[in-house]
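Novice: Below: one structure in C-alpha cells.
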Amino acid sequence: MTILAPSLLSADFSRIAEQIECVESAGADFLHLDVMDGRFVPNITWGPKIIGDLRRLTPLTFDAHLMIEEPERYVDDFRAAGCDRITFHYEATPHAQRLLTYLRSIGVKAGVAICPQTPVGLLQDLIEDCDTVLVMSVNPGFSGQSFLPRALEKVREARALIEDRNTECLIEVDGGVGESNARALVEAGAAALVMGNSVFGARDPGAALRHIRSLLE
C-alpha cells in the first residue's frame, strides 16, 4: 500500500491539533514536517521545539524533511524532538554518506533528498546507506507550487537504482502531488507521496486524503 504523508506546512496552525486528528483518522501513514532555515531555501518554518510539542498530539510517524544548511549540526535535536525519519538534502552537505550512517546509528530512518536540477545518478555511491530517496517535484521552499513533470522520469531512474543496489529503500515524492498525478507516480515507482495543498487545502482534509487513497487502490 502506498504511504500517504500529509505535509503540515500546508495545514492551518491555528487549528493544528484538529487538522492532525483529521488526517490521522483518515488513514495518514506519516506526517511530513518541512524544516526550512531561510538559507538553503528562501523560507523559514519551524525547529525542534515545535516538533516536540506536535509529537504529543499523535503517534503517527514523523517524517522530517530538512531543507537546511549543515543538517549534520541539528539532526540530534530533531531526533530528540521525536522525528522517526530524517531526510536531508544532498546539496546541503559535503558529507552525505557520513550523515546517513550517523542517522541510522541514532535510530532513525535515514533519507537523502534531491532538488529538481540534481541528477539521480549522483546517489549511486549513497544508495546502499539510504532508507529513503526523496525526489523533489518542485523547487523546495514553498508549498502550493506546480508539479514538474520531469519528476516522473526521475522516479523511474531512482527505482532502477534501488532495484539494482538497495531494494529496501523507499522512494518518496514531494511537491505538487495530488489526485492528478498520484497514480502515475506510484506506477513509476514511488512508494510514499507527500501532499500539502491537495489535502490541507481542501474543505475536509480527511475526505481529500481518503479520495486520493481510493484512486490508488
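Ligands are numbered from 1 in the order shown, residues from 1 within each chain, and chains are lettered A, B, ... in the order they appear in the C-alpha cells.
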Give the strand (DSSP E) residues of segment 46-217 of chain A, as DSSP finds them on the backbone, and put them as a PyMOL selection string.
Specialist: chain A and resi 61-67+85-89+109-114+132-136+170-174+192-195
Novice: Report as a list of chain:residue names all protein, DNA and RNA residues lying within 10 Å of Met195 of chain A, evaluated on only C-alpha atoms, omitting residues in the same chain fewer than 4 positions from it.
Specialist: A:Leu4, A:Ala5, A:Pro6, A:Ser7, A:Leu8, A:Leu9, A:Ser10, A:Leu31, A:His32, A:Ser143, A:Gly144, A:Val173, A:Asp174, A:Gly175, A:Gly176, A:Val177, A:Gly178, A:Glu179, A:Ala182, A:Val199, A:Phe200, A:Gly201, A:Leu209, A:Ile212
Novice: Since we have the selection now, will you write its residues out, keeping C-alpha atoms, as a compact mmCIF listing (two decimals), in the first residue's frame?
Specialist:
```txt
# COMPACT_ATOMS: atom_id res chain seq x y z
CA LEU A 4 0.47 8.86 2.24
CA ALA A 5 2.24 11.67 4.08
CA PRO A 6 0.25 14.90 4.53
CA SER A 7 2.58 17.88 4.83
CA LEU A 8 1.89 20.11 7.83
CA LEU A 9 3.41 23.07 6.02
CA SER A 10 0.01 23.47 4.33
CA LEU A 31 3.16 13.36 8.97
CA HIS A 32 5.63 15.21 6.78
CA SER A 143 4.02 24.95 -0.66
CA GLY A 144 1.46 25.23 -3.44
CA VAL A 173 7.95 12.33 -3.88
CA ASP A 174 7.29 15.83 -2.61
CA GLY A 175 5.80 18.81 -4.43
CA GLY A 176 2.57 19.38 -6.30
CA VAL A 177 1.34 15.84 -5.64
CA GLY A 178 -2.40 15.22 -5.76
CA GLU A 179 -5.17 13.31 -7.46
CA ALA A 182 -0.64 10.25 -7.67
CA VAL A 199 -5.04 17.60 1.41
CA PHE A 200 -4.96 20.58 3.78
CA GLY A 201 -6.17 22.98 1.10
CA LEU A 209 -6.90 12.03 1.79
CA ILE A 212 -6.57 10.02 -3.06
```
Novice: Can you work out the spacing between atom CA of Ile162 of chain A and atom CA of Tyr90 of chain A in Å, to one decimal?
Specialist: 16.7 Å
Novice: Would you please work out which residue, of A:Val186, A:Leu33, A:Asn197, A:Ala92, is nearest to Gln145 of chain A when using only C-alpha atoms?
Specialist: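 Checking each of A:Val186, A:Leu33, A:Asn197, A:Ala92 against Gln145 of chain A, counting only C-alpha atoms, the winner is A:Asn197.
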Novice: Given the choices A:Leu100, A:Ile3, A:Val135, A:Cys22, which gets closest to Cys115 of chain A if the distance is worked out from only C-alpha atoms?
Specialist: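 Ranked by minimum distance to Cys115 of chain A, first place goes to A:Val135.
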Novice: Which one of A:Ile44, A:Leu185, A:Leu54, A:Ile171 sits closest to Gln19 of chain A if you count only C-alpha atoms?
Specialist: A:Leu54
Novice: Per DSSP on the backbone, filter segment 19-100 of chain A down to the residues in helix (DSSP H, G or I) and report them as a PyMOL selection string.
Specialist: chain A and resi 19-25+48-55+71-73+75-81+90-92+96-100
Novice: Using only C-alpha atoms for the distances, tell me which of A:Ala113, A:Val138, A:Ala208, A:Ile86 is nearest to Ala26 of chain A.
Specialist: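 Distance minimum relative to Ala26 of chain A lands on A:Ala208.
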Novice: Could you check the closest approach to Asp204 of chain A for each of A:Val133, A:Gly38, A:Glu21, A:Glu163 and tell me which residue wins, using only C-alpha atoms?
Specialist: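 Of the candidates, the smallest distance to Asp204 of chain A is held by A:Glu21.
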Novice: Which of these, A:Met67, A:Leu152, A:Met1, A:Cys83, has the shortest distance to Arg55 of chain A once you count only C-alpha atoms?
Specialist: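 Smallest distance to Arg55 of chain A is found for A:Cys83.
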